[in-house]
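Source file: input-v4.cif; contents: mmCIF, C-alpha atoms.
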```cif
data_work
loop_
_atom_site.label_atom_id
_atom_site.label_comp_id
_atom_site.auth_asym_id
_atom_site.auth_seq_id
_atom_site.Cartn_x
_atom_site.Cartn_y
_atom_site.Cartn_z
CA MET A 393 0.00 0.00 0.00
CA ASP A 394 1.18 3.47 -0.83
CA ARG A 395 2.80 5.14 2.21
CA ARG A 396 0.76 8.28 1.67
CA MET A 397 -2.48 6.27 1.80
CA VAL A 398 -1.46 4.77 5.16
CA GLN A 399 -0.80 8.25 6.54
CA ASN A 400 -4.15 9.53 5.30
CA THR A 401 -6.12 6.69 6.91
CA GLN A 402 -4.57 7.17 10.35
CA VAL A 403 -6.93 8.68 12.92
CA ASP A 404 -5.63 11.73 14.76
CA LEU A 405 -6.30 10.63 18.34
CA LYS A 406 -6.01 13.23 21.09
CA LYS A 407 -3.62 12.03 23.76
CA GLU A 408 -4.98 11.93 27.30
CA ASP A 409 -3.22 14.26 29.73
CA LEU A 410 -3.28 13.38 33.40
CA PHE A 411 -2.94 17.07 34.31
CA GLU A 412 -6.00 18.11 32.30
CA LYS A 413 -8.20 17.96 35.41
CA CYS A 414 -5.90 20.52 37.05
CA GLN A 415 -6.35 22.92 34.16
CA LYS A 416 -10.12 22.56 34.37
CA PHE A 417 -10.25 23.22 38.12
CA THR A 418 -11.17 26.91 38.22
CA ALA A 419 -13.53 27.25 41.20
CA ALA A 420 -10.84 28.28 43.71
CA ARG A 421 -9.28 30.83 41.34
CA GLU A 422 -12.72 32.31 40.69
CA ALA A 423 -13.28 32.71 44.45
CA ILE A 424 -9.83 34.30 44.80
CA ALA A 425 -10.59 36.72 41.96
CA ALA A 426 -13.92 37.60 43.61
CA GLY A 427 -12.13 38.32 46.90
CA VAL A 428 -14.09 35.69 48.87
CA TYR A 429 -11.65 32.75 48.96
CA PRO A 430 -11.66 31.65 52.64
CA TYR A 431 -8.85 29.08 52.79
CA PHE A 432 -5.12 29.07 53.59
CA ARG A 433 -5.31 32.33 55.53
CA VAL A 434 -1.93 33.02 57.09
CA ILE A 435 -1.82 33.37 60.88
CA GLU A 436 1.13 35.28 62.32
CA SER A 437 0.75 34.36 66.01
CA ALA A 438 0.02 31.51 68.42
CA GLN A 439 -3.36 29.73 68.42
CA GLU A 440 -5.01 31.88 71.06
CA PRO A 441 -8.57 33.31 71.32
CA GLU A 442 -7.11 36.27 69.42
CA VAL A 443 -4.70 35.79 66.51
CA ILE A 444 -2.84 38.10 64.16
CA VAL A 445 -3.80 37.97 60.46
CA ASP A 446 -2.41 40.50 57.98
CA GLY A 447 -0.98 42.43 60.89
CA ARG A 448 -4.26 42.92 62.76
CA LYS A 449 -5.98 41.16 65.64
CA MET A 450 -8.88 38.82 64.98
CA ILE A 451 -11.03 36.72 67.30
CA MET A 452 -10.34 33.07 66.47
CA ILE A 453 -13.43 30.87 66.37
CA GLY A 454 -12.03 28.39 63.89
CA SER A 455 -9.52 26.56 66.06
CA ASN A 456 -9.75 23.10 67.65
CA ASN A 457 -7.65 24.30 70.59
CA TYR A 458 -10.61 23.56 72.86
CA LEU A 459 -8.84 23.83 76.22
CA GLY A 460 -6.47 26.60 75.18
CA LEU A 461 -3.32 24.55 75.81
CA THR A 462 -1.31 25.07 72.60
CA ASN A 463 0.39 28.14 74.04
CA HIS A 464 0.36 27.07 77.70
CA PRO A 465 3.71 27.76 79.42
CA ARG A 466 4.01 24.21 80.82
CA VAL A 467 3.32 22.65 77.43
CA LYS A 468 5.89 24.87 75.72
CA GLU A 469 8.46 24.25 78.43
CA ALA A 470 8.00 20.48 78.07
CA ALA A 471 8.55 20.76 74.31
CA ILE A 472 11.69 22.88 74.75
CA ASN A 473 13.17 20.49 77.31
CA ALA A 474 12.47 17.53 75.02
CA ILE A 475 14.33 19.21 72.16
CA LYS A 476 17.26 19.93 74.45
CA LYS A 477 17.47 16.27 75.47
CA TYR A 478 16.54 14.42 72.26
CA GLY A 479 16.96 16.91 69.42
CA THR A 480 14.32 17.82 66.84
CA GLY A 481 13.55 14.42 65.33
CA CYS A 482 14.02 10.67 65.59
CA ALA A 483 15.45 9.95 62.10
CA GLY A 484 13.65 6.63 61.83
CA SER A 485 10.43 4.71 62.22
CA ARG A 486 9.20 3.35 65.52
CA PHE A 487 9.65 -0.15 64.08
CA LEU A 488 13.40 0.28 63.68
CA SER A 489 15.50 3.09 65.16
CA GLY A 490 12.87 5.69 66.07
CA THR A 491 11.47 4.50 69.41
CA LEU A 492 12.49 6.70 72.34
CA ASP A 493 11.75 6.08 75.98
CA THR A 494 9.47 9.12 75.85
CA HIS A 495 7.27 7.40 73.21
CA VAL A 496 6.85 4.38 75.45
CA GLU A 497 6.13 6.56 78.51
CA LEU A 498 3.43 8.48 76.63
CA GLU A 499 1.81 5.24 75.47
CA ARG A 500 1.60 4.09 79.08
CA LYS A 501 0.15 7.44 80.14
CA LEU A 502 -2.41 7.41 77.31
CA ALA A 503 -3.47 3.85 78.16
CA ARG A 504 -4.00 4.88 81.77
CA PHE A 505 -5.79 8.10 80.79
CA MET A 506 -8.13 6.27 78.39
CA ARG A 507 -8.58 3.39 80.89
CA LYS A 508 -7.46 0.81 78.34
CA GLU A 509 -4.84 -1.93 78.49
CA ALA A 510 -2.52 -0.40 75.91
CA ALA A 511 -2.01 2.48 73.49
CA LEU A 512 0.08 3.15 70.40
CA VAL A 513 1.18 6.58 69.16
CA PHE A 514 1.21 7.55 65.48
CA SER A 515 2.73 10.55 63.71
CA THR A 516 -0.66 12.01 62.72
CA GLY A 517 -4.30 11.35 63.47
CA PHE A 518 -4.99 10.66 59.79
CA GLN A 519 -2.28 7.99 59.76
CA THR A 520 -3.76 6.45 62.89
CA ASN A 521 -7.05 5.71 61.18
CA LEU A 522 -5.37 4.60 57.97
CA GLY A 523 -3.14 2.14 59.81
CA VAL A 524 -5.62 0.81 62.36
CA ILE A 525 -8.51 0.18 59.98
CA SER A 526 -6.50 -1.21 57.07
CA SER A 527 -4.61 -3.61 59.34
CA LEU A 528 -7.66 -4.91 61.23
CA VAL A 529 -10.31 -5.22 58.51
CA GLY A 530 -9.51 -8.00 56.03
CA LYS A 531 -11.07 -10.05 53.23
CA ASN A 532 -14.55 -11.39 53.88
CA GLU A 533 -14.95 -8.96 56.80
CA VAL A 534 -17.23 -5.94 56.99
CA VAL A 535 -16.71 -2.39 58.24
CA LEU A 536 -19.79 -0.24 58.92
CA ILE A 537 -19.35 3.52 59.04
CA ASP A 538 -21.49 6.61 59.52
CA LYS A 539 -21.95 8.59 56.29
CA MET A 540 -20.55 11.66 58.05
CA ASP A 541 -17.43 9.96 59.44
CA HIS A 542 -14.11 11.76 58.99
CA ALA A 543 -12.25 11.42 55.69
CA SER A 544 -9.44 9.49 57.41
CA ILE A 545 -11.92 6.77 58.40
CA ILE A 546 -13.23 6.55 54.86
CA ASP A 547 -9.71 6.32 53.42
CA GLY A 548 -8.70 3.73 56.02
CA CYS A 549 -11.66 1.61 54.94
CA ARG A 550 -10.70 1.98 51.29
CA LEU A 551 -7.20 0.71 52.06
CA SER A 552 -8.60 -2.36 53.80
CA PHE A 553 -9.73 -5.46 51.92
CA GLY A 554 -13.07 -5.53 53.71
CA GLU A 555 -16.55 -4.71 52.50
CA ILE A 556 -17.56 -1.12 53.34
CA LYS A 557 -21.12 -0.25 54.29
CA LYS A 558 -22.31 3.26 55.19
CA PHE A 559 -25.37 3.96 57.33
CA LYS A 560 -27.36 7.20 57.53
CA HIS A 561 -25.91 9.79 59.86
CA ASN A 562 -26.44 8.77 63.50
CA ASP A 563 -29.36 6.58 62.39
CA MET A 564 -29.30 3.43 64.50
CA ASP A 565 -32.27 1.92 62.67
CA ASP A 566 -30.33 2.11 59.43
CA LEU A 567 -27.27 0.62 61.15
CA GLU A 568 -29.38 -2.30 62.37
CA ARG A 569 -30.72 -2.82 58.87
CA LEU A 570 -27.16 -3.27 57.62
CA LEU A 571 -26.06 -5.39 60.57
CA SER A 572 -28.91 -7.81 59.97
CA HIS A 573 -27.47 -8.62 56.53
CA TYR A 574 -24.06 -9.56 57.97
CA GLU A 575 -24.87 -11.54 61.12
CA ASP A 576 -22.43 -14.33 60.24
CA LYS A 577 -19.49 -12.13 59.21
CA ALA A 578 -16.72 -10.60 61.31
CA LYS A 579 -17.41 -6.89 61.46
CA MET A 580 -16.53 -3.58 63.08
CA ILE A 581 -18.54 -0.38 63.48
CA ILE A 582 -16.46 2.80 63.24
CA VAL A 583 -17.87 6.20 64.18
CA ASP A 584 -16.80 9.68 65.18
CA GLY A 585 -17.53 10.38 68.83
CA VAL A 586 -18.17 14.05 68.01
CA PHE A 587 -18.80 14.75 64.34
CA SER A 588 -16.38 17.41 63.18
CA MET A 589 -18.72 19.48 61.00
CA GLU A 590 -22.11 18.92 62.61
CA GLY A 591 -20.94 19.12 66.23
CA ASP A 592 -23.34 16.39 67.34
CA ILE A 593 -22.51 13.30 69.41
CA VAL A 594 -22.87 9.70 68.25
CA ASP A 595 -25.78 7.78 69.77
CA LEU A 596 -23.33 5.47 71.52
CA PRO A 597 -25.78 3.73 73.90
CA LYS A 598 -27.92 2.42 71.01
CA LEU A 599 -24.83 1.63 68.94
CA VAL A 600 -23.35 -0.45 71.77
CA LYS A 601 -26.63 -2.33 72.19
CA LEU A 602 -26.70 -3.20 68.48
CA ALA A 603 -23.03 -4.19 68.44
CA LYS A 604 -23.63 -6.66 71.25
CA GLU A 605 -26.72 -8.07 69.60
CA TYR A 606 -25.02 -8.62 66.24
CA GLY A 607 -21.50 -9.46 67.42
CA ALA A 608 -19.70 -6.39 66.07
CA ARG A 609 -16.58 -4.70 67.40
CA ILE A 610 -16.64 -0.93 68.02
CA MET A 611 -14.07 1.74 67.25
CA VAL A 612 -14.69 5.38 68.17
CA ASP A 613 -12.67 8.19 66.62
CA ASP A 614 -12.73 10.65 69.53
CA ALA A 615 -10.55 13.37 68.02
CA HIS A 616 -13.07 16.05 69.04
CA GLY A 617 -14.30 14.29 72.19
CA ILE A 618 -11.14 13.86 74.24
CA GLY A 619 -10.64 16.87 76.51
CA VAL A 620 -14.21 17.94 75.77
CA LEU A 621 -16.70 15.22 76.77
CA GLY A 622 -16.97 13.24 79.98
CA LYS A 623 -16.60 14.20 83.61
CA THR A 624 -12.80 14.11 83.38
CA GLY A 625 -12.40 14.81 79.65
CA ARG A 626 -11.84 11.21 78.59
CA GLY A 627 -14.31 11.51 75.75
CA THR A 628 -17.51 10.10 74.37
CA ALA A 629 -17.33 6.69 76.05
CA GLU A 630 -16.87 8.31 79.47
CA TYR A 631 -19.67 10.77 78.68
CA PHE A 632 -22.08 7.83 78.28
CA ASP A 633 -20.42 5.68 80.96
CA LEU A 634 -19.61 3.06 78.32
CA GLU A 635 -15.82 2.91 78.48
CA ASP A 636 -15.80 -0.86 79.00
CA GLU A 637 -18.12 -1.40 76.03
CA VAL A 638 -16.00 0.33 73.36
CA ASP A 639 -13.21 -1.84 72.00
CA LEU A 640 -10.95 0.81 70.46
CA ILE A 641 -10.72 4.55 71.07
CA MET A 642 -8.71 6.68 68.69
CA GLY A 643 -7.58 10.21 69.51
CA THR A 644 -5.52 13.03 68.06
CA TYR A 645 -3.13 15.52 69.61
CA SER A 646 -4.05 18.45 67.37
CA LYS A 647 -7.17 19.39 69.30
CA SER A 648 -7.28 19.41 73.11
CA LEU A 649 -3.85 17.78 73.45
CA ALA A 650 -1.99 20.77 72.00
CA SER A 651 0.33 19.16 69.47
CA ILE A 652 0.24 16.95 66.36
CA GLY A 653 -0.10 13.19 66.12
CA GLY A 654 -2.56 10.49 67.03
CA PHE A 655 -3.05 7.31 69.02
CA ILE A 656 -5.15 4.20 69.32
CA SER A 657 -6.04 2.60 72.66
CA GLY A 658 -7.61 -0.76 73.40
CA PRO A 659 -6.88 -4.39 74.36
CA GLU A 660 -3.15 -5.20 74.57
CA GLU A 661 -3.34 -8.05 72.05
CA VAL A 662 -5.07 -5.82 69.48
CA ILE A 663 -2.58 -2.97 69.95
CA HIS A 664 0.26 -5.51 69.66
CA TYR A 665 -1.19 -6.73 66.34
CA ILE A 666 -1.62 -3.18 64.97
CA LYS A 667 1.97 -2.40 65.95
CA HIS A 668 3.17 -5.16 63.60
CA PHE A 669 0.76 -4.72 60.68
CA ALA A 670 -0.20 -1.03 60.35
CA ARG A 671 1.78 0.23 57.37
CA SER A 672 1.26 3.93 58.23
CA PHE A 673 2.92 3.18 61.58
CA ILE A 674 5.74 0.90 60.41
CA PHE A 675 6.76 2.99 57.41
CA SER A 676 6.49 6.50 58.89
CA ALA A 677 9.06 8.41 60.90
CA SER A 678 8.15 8.44 64.56
CA PRO A 679 6.61 11.53 66.19
CA PRO A 680 9.23 14.14 67.20
CA PRO A 681 10.18 14.45 70.88
CA ALA A 682 8.71 17.93 71.28
CA SER A 683 5.30 16.70 70.12
CA ILE A 684 5.33 13.76 72.51
CA ALA A 685 6.39 15.90 75.48
CA SER A 686 3.68 18.47 74.69
CA VAL A 687 0.96 15.83 74.75
CA SER A 688 2.21 14.41 78.04
CA ALA A 689 2.13 17.87 79.64
CA ALA A 690 -1.34 18.57 78.22
CA ILE A 691 -2.72 15.37 79.78
CA ASP A 692 -1.32 16.42 83.15
CA ILE A 693 -3.03 19.81 82.90
CA ILE A 694 -6.37 18.26 81.88
CA GLU A 695 -6.28 16.06 84.97
CA GLU A 696 -5.13 18.84 87.30
CA GLU A 697 -7.41 21.62 86.02
CA PRO A 698 -10.96 20.30 85.45
CA GLU A 699 -12.18 23.88 85.53
CA ARG A 700 -10.95 24.26 81.94
CA ILE A 701 -13.59 21.80 80.74
CA GLU A 702 -16.24 23.60 82.80
CA LYS A 703 -15.30 26.94 81.23
CA LEU A 704 -15.34 25.41 77.76
CA TRP A 705 -18.91 24.24 78.30
CA HIS A 706 -19.93 27.60 79.74
CA ASN A 707 -18.70 29.24 76.52
CA THR A 708 -20.36 26.56 74.41
CA ARG A 709 -23.77 27.08 76.01
CA LYS A 710 -23.45 30.84 75.67
CA MET A 711 -22.72 30.65 71.94
CA LEU A 712 -25.24 27.93 71.11
CA ASN A 713 -28.01 29.85 72.89
CA GLY A 714 -26.79 33.13 71.39
CA PHE A 715 -26.89 31.90 67.80
CA LYS A 716 -30.31 30.33 68.26
CA ALA A 717 -31.68 33.52 69.84
CA LEU A 718 -30.50 35.47 66.79
CA GLY A 719 -32.34 33.06 64.50
CA PHE A 720 -29.42 31.10 63.05
CA ASP A 721 -29.73 27.42 62.18
CA THR A 722 -27.15 25.49 64.20
CA GLY A 723 -28.32 22.05 63.10
CA THR A 724 -27.95 19.25 65.63
CA SER A 725 -24.90 20.67 67.41
CA GLU A 726 -24.48 19.94 71.10
CA THR A 727 -20.72 20.50 71.54
CA PRO A 728 -18.14 23.32 71.19
CA ILE A 729 -18.35 22.75 67.42
CA ILE A 730 -21.27 24.95 66.39
CA PRO A 731 -22.15 25.15 62.68
CA VAL A 732 -24.06 28.13 61.34
CA ILE A 733 -25.85 26.69 58.33
CA VAL A 734 -25.95 29.03 55.33
CA GLY A 735 -26.90 26.73 52.43
CA ASP A 736 -25.41 28.33 49.33
CA ASP A 737 -21.65 27.94 48.82
CA MET A 738 -21.03 31.45 47.51
CA LYS A 739 -23.13 33.01 50.27
CA ALA A 740 -21.00 31.11 52.80
CA PHE A 741 -17.83 32.42 51.15
CA ARG A 742 -19.20 35.97 51.28
CA MET A 743 -20.17 35.55 54.91
CA ALA A 744 -16.67 34.40 55.81
CA ARG A 745 -15.19 37.44 54.05
CA MET A 746 -17.56 39.83 55.79
CA LEU A 747 -16.83 38.30 59.19
CA HIS A 748 -13.11 38.49 58.42
CA ASP A 749 -13.47 42.19 57.69
CA LYS A 750 -15.16 42.59 61.08
CA GLY A 751 -12.27 40.86 62.84
CA VAL A 752 -13.77 37.36 63.24
CA PHE A 753 -11.91 34.30 61.95
CA ALA A 754 -14.43 31.52 61.18
CA ASN A 755 -14.11 28.52 58.88
CA VAL A 756 -16.22 27.65 55.85
CA ALA A 757 -17.34 24.13 54.93
CA VAL A 758 -18.86 23.36 51.54
CA SER A 759 -19.49 20.16 49.59
CA PRO A 760 -18.04 17.50 49.72
CA ALA A 761 -17.16 18.23 53.39
CA VAL A 762 -20.90 18.71 53.94
CA PRO A 763 -23.88 17.67 51.78
CA ALA A 764 -24.50 19.80 48.68
CA GLY A 765 -26.66 22.81 49.50
CA SER A 766 -25.71 22.70 53.18
CA ALA A 767 -22.71 25.04 53.22
CA LEU A 768 -21.94 26.30 56.70
CA MET A 769 -19.73 28.44 58.86
CA ARG A 770 -17.95 26.03 61.19
CA THR A 771 -17.34 27.79 64.49
CA SER A 772 -15.57 26.26 67.49
CA TYR A 773 -14.74 27.57 70.93
CA MET A 774 -12.03 27.51 73.57
CA ALA A 775 -12.06 27.52 77.33
CA THR A 776 -9.93 30.66 77.13
CA HIS A 777 -12.38 32.83 75.16
CA THR A 778 -13.59 35.80 77.22
CA GLU A 779 -17.18 36.96 77.56
CA GLU A 780 -16.29 40.19 75.75
CA GLN A 781 -14.79 38.30 72.81
CA LEU A 782 -17.81 36.05 72.48
CA ASP A 783 -20.20 39.02 72.64
CA ARG A 784 -18.27 40.67 69.79
CA VAL A 785 -18.57 37.47 67.74
CA LEU A 786 -22.34 37.37 68.20
CA GLU A 787 -22.61 41.05 67.25
CA ALA A 788 -20.61 40.45 64.06
CA PHE A 789 -22.74 37.43 63.11
CA GLU A 790 -25.93 39.39 63.71
CA GLU A 791 -24.79 42.25 61.46
CA VAL A 792 -23.58 39.96 58.67
CA GLY A 793 -26.54 37.60 58.97
CA LYS A 794 -29.02 40.47 58.51
CA GLU A 795 -27.06 41.95 55.60
CA LEU A 796 -27.05 38.61 53.78
CA GLY A 797 -30.68 37.85 54.60
CA ILE A 798 -29.83 34.73 56.59
CA ILE A 799 -31.69 35.93 59.71
#
```
Please render this file's structure as structure tokens.
Amino acid sequence: MDRRMVQNTQVDLKKEDLFEKCQKFTAAREAIAAGVYPYFRVIESAQEPEVIVDGRKMIMIGSNNYLGLTNHPRVKEAAINAIKKYGTGCAGSRFLSGTLDTHVELERKLARFMRKEAALVFSTGFQTNLGVISSLVGKNEVVLIDKMDHASIIDGCRLSFGEIKKFKHNDMDDLERLLSHYEDKAKMIIVDGVFSMEGDIVDLPKLVKLAKEYGARIMVDDAHGIGVLGKTGRGTAEYFDLEDEVDLIMGTYSKSLASIGGFISGPEEVIHYIKHFARSFIFSASPPPASIASVSAAIDIIEEEPERIEKLWHNTRKMLNGFKALGFDTGTSETPIIPVIVGDDMKAFRMARMLHDKGVFANVAVSPAVPAGSALMRTSYMATHTEEQLDRVLEAFEEVGKELGII
């Protein structure tokens, strides 16, 4: 066949470009151009009730520093002393050369604090869920999760070889419907103790009852519950007096515990297994000494100063009642995480910008972090907020809410 004929019959196929999706992603740039982009704001000070942004003071109601410990003198001193003794890092994984005596001491302290047999520390909370879930849930096993569980739980389930089933948010009837289909299979129910966007608490009493009835294990991600819920701040299980009924409790350091990292606590044999099979634990550098020392000091303060939790709940009640009195929709919140539901994404972006201009730093959550059409301002409070600061926040929300037609 003539060479020219071959060339003419060839189809000009467009080559696929993996980066094409990046070129088509324009939503963030459009928000930036409109002056309402609410993310990656640069903070120039410590995480206190007031922070410095663009050189001016703002009231921070977007932090998870619930007990106000991230800038506590004892916590900072512990971190400094740890650096002086151990340096800035461990230069290895816990599995090999990265285990320090301070890691082991913190694990013992966390196990005691959580009233469990053992605990294991991870470098981040996200890695904790990835490692724990993917190592425990295997082929022909089932993991049941709340539709509003944290992204790290969802990703941990995806990394496992188990079957994933989601039930309606905090709907125990829907959970039972799913459990009834898997009576003969090994299974685990994984839920947030406090849901990070909605601010509501899992219906743990009913969940425990169902787990017993259908032979399921229970894991609670208590990232936002530890230091917040329970008589002594031990979280959701203590809040419901069900500590002995929950198999595994996961926590993070980046909220009440004033640092970064995560841990899992539970039966010694289970923690021992996770230690040898969780890839995010085995193949990650161990948490730095300063982080570990900070957490240890934070636990001491929580136990010694219960008044911090009392003040946190005083502030929570004030703001929840204040928002409702103004006519805002706060959903099902019953914790220091109080959403102000706006609905429209762009209206939420505008609200964040207007609050920012009034000196209030609040976070925005839009789909897929929340259901489509349910955009919200995610506000959260600290034990160290003053009455005057909280009154100013309510005044700013009232002004902006009326201007945008939300109230």
The PyMOL selection byres ((chain A and resi 543-559) around 10) on the file shown: which residues, as a PDB file with C-alpha atoms, keeping the file's coordinate frame?
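Listing of expr-v9.pdb after writing:
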```
ATOM      1  CA  GLY A 517      -4.300  11.350  63.470  1.00  0.00           C
ATOM      2  CA  PHE A 518      -4.990  10.660  59.790  1.00  0.00           C
ATOM      3  CA  GLN A 519      -2.280   7.990  59.760  1.00  0.00           C
ATOM      4  CA  THR A 520      -3.760   6.450  62.890  1.00  0.00           C
ATOM      5  CA  ASN A 521      -7.050   5.710  61.180  1.00  0.00           C
ATOM      6  CA  LEU A 522      -5.370   4.600  57.970  1.00  0.00           C
ATOM      7  CA  GLY A 523      -3.140   2.140  59.810  1.00  0.00           C
ATOM      8  CA  VAL A 524      -5.620   0.810  62.360  1.00  0.00           C
ATOM      9  CA  ILE A 525      -8.510   0.180  59.980  1.00  0.00           C
ATOM     10  CA  SER A 526      -6.500  -1.210  57.070  1.00  0.00           C
ATOM     11  CA  SER A 527      -4.610  -3.610  59.340  1.00  0.00           C
ATOM     12  CA  LEU A 528      -7.660  -4.910  61.230  1.00  0.00           C
ATOM     13  CA  VAL A 529     -10.310  -5.220  58.510  1.00  0.00           C
ATOM     14  CA  GLY A 530      -9.510  -8.000  56.030  1.00  0.00           C
ATOM     15  CA  LYS A 531     -11.070 -10.050  53.230  1.00  0.00           C
ATOM     16  CA  ASN A 532     -14.550 -11.390  53.880  1.00  0.00           C
ATOM     17  CA  GLU A 533     -14.950  -8.960  56.800  1.00  0.00           C
ATOM     18  CA  VAL A 534     -17.230  -5.940  56.990  1.00  0.00           C
ATOM     19  CA  VAL A 535     -16.710  -2.390  58.240  1.00  0.00           C
ATOM     20  CA  LEU A 536     -19.790  -0.240  58.920  1.00  0.00           C
ATOM     21  CA  ILE A 537     -19.350   3.520  59.040  1.00  0.00           C
ATOM     22  CA  ASP A 538     -21.490   6.610  59.520  1.00  0.00           C
ATOM     23  CA  LYS A 539     -21.950   8.590  56.290  1.00  0.00           C
ATOM     24  CA  MET A 540     -20.550  11.660  58.050  1.00  0.00           C
ATOM     25  CA  ASP A 541     -17.430   9.960  59.440  1.00  0.00           C
ATOM     26  CA  HIS A 542     -14.110  11.760  58.990  1.00  0.00           C
ATOM     27  CA  LYS A 560     -27.360   7.200  57.530  1.00  0.00           C
ATOM     28  CA  HIS A 561     -25.910   9.790  59.860  1.00  0.00           C
ATOM     29  CA  ASN A 562     -26.440   8.770  63.500  1.00  0.00           C
ATOM     30  CA  ASP A 563     -29.360   6.580  62.390  1.00  0.00           C
ATOM     31  CA  MET A 564     -29.300   3.430  64.500  1.00  0.00           C
ATOM     32  CA  ASP A 565     -32.270   1.920  62.670  1.00  0.00           C
ATOM     33  CA  ASP A 566     -30.330   2.110  59.430  1.00  0.00           C
ATOM     34  CA  LEU A 567     -27.270   0.620  61.150  1.00  0.00           C
ATOM     35  CA  GLU A 568     -29.380  -2.300  62.370  1.00  0.00           C
ATOM     36  CA  ARG A 569     -30.720  -2.820  58.870  1.00  0.00           C
ATOM     37  CA  LEU A 570     -27.160  -3.270  57.620  1.00  0.00           C
ATOM     38  CA  LEU A 571     -26.060  -5.390  60.570  1.00  0.00           C
ATOM     39  CA  ALA A 578     -16.720 -10.600  61.310  1.00  0.00           C
ATOM     40  CA  LYS A 579     -17.410  -6.890  61.460  1.00  0.00           C
ATOM     41  CA  ILE A 581     -18.540  -0.380  63.480  1.00  0.00           C
ATOM     42  CA  ILE A 582     -16.460   2.800  63.240  1.00  0.00           C
ATOM     43  CA  VAL A 583     -17.870   6.200  64.180  1.00  0.00           C
ATOM     44  CA  ASP A 584     -16.800   9.680  65.180  1.00  0.00           C
ATOM     45  CA  ASP A 613     -12.670   8.190  66.620  1.00  0.00           C
ATOM     46  CA  ALA A 761     -17.160  18.230  53.390  1.00  0.00           C
TER      47      ALA A 761
END
```
Hits of the PyMOL selection byres ((chain A and resi 649) around 10) in this structure, as an MDAnalysis selection string: chainID A and resid 456:462 467 615 618:619 643:648 650:654 683 686:691 693:694
Interatomic distance, CA of Ile663 in chain A to CA of Leu640 in chain A (Å, one decimal): 9.2 Å
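Residues surrounding Arg507 in chain A within 10 Å are Lys501, Leu502, Ala503, Ala511, Arg626, Glu630, Glu635, Asp636, Ser657 and Gly658 of chain A [only C-alpha atoms; sequence separation below 4 positions excluded].
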Spatial neighbours of range 735-746 of chain A, 7 Å, all atoms listed in the file, chain gap at least 2 places, as an MDAnalysis selection string: chainID A and resid 428:430 733 748:750 754 756 758 765:769 792
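Residue nearest His664 in chain A within the list A:Glu509, A:Pro728, A:Glu791, A:Ile593: A:Glu509 [criterion: smallest interatomic distance, only C-alpha atoms].
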Adding 3 Å on each side of the box along x, y and z that holds all listed atoms of range 654-657 of chain A, could you give its centre and edge lengths in Å to one decimal, as AutoDock Vina command-line options?
```
--center_x -4.3 --center_y 6.5 --center_z 69.8 --size_x 9.5 --size_y 13.9 --size_z 11.6
```
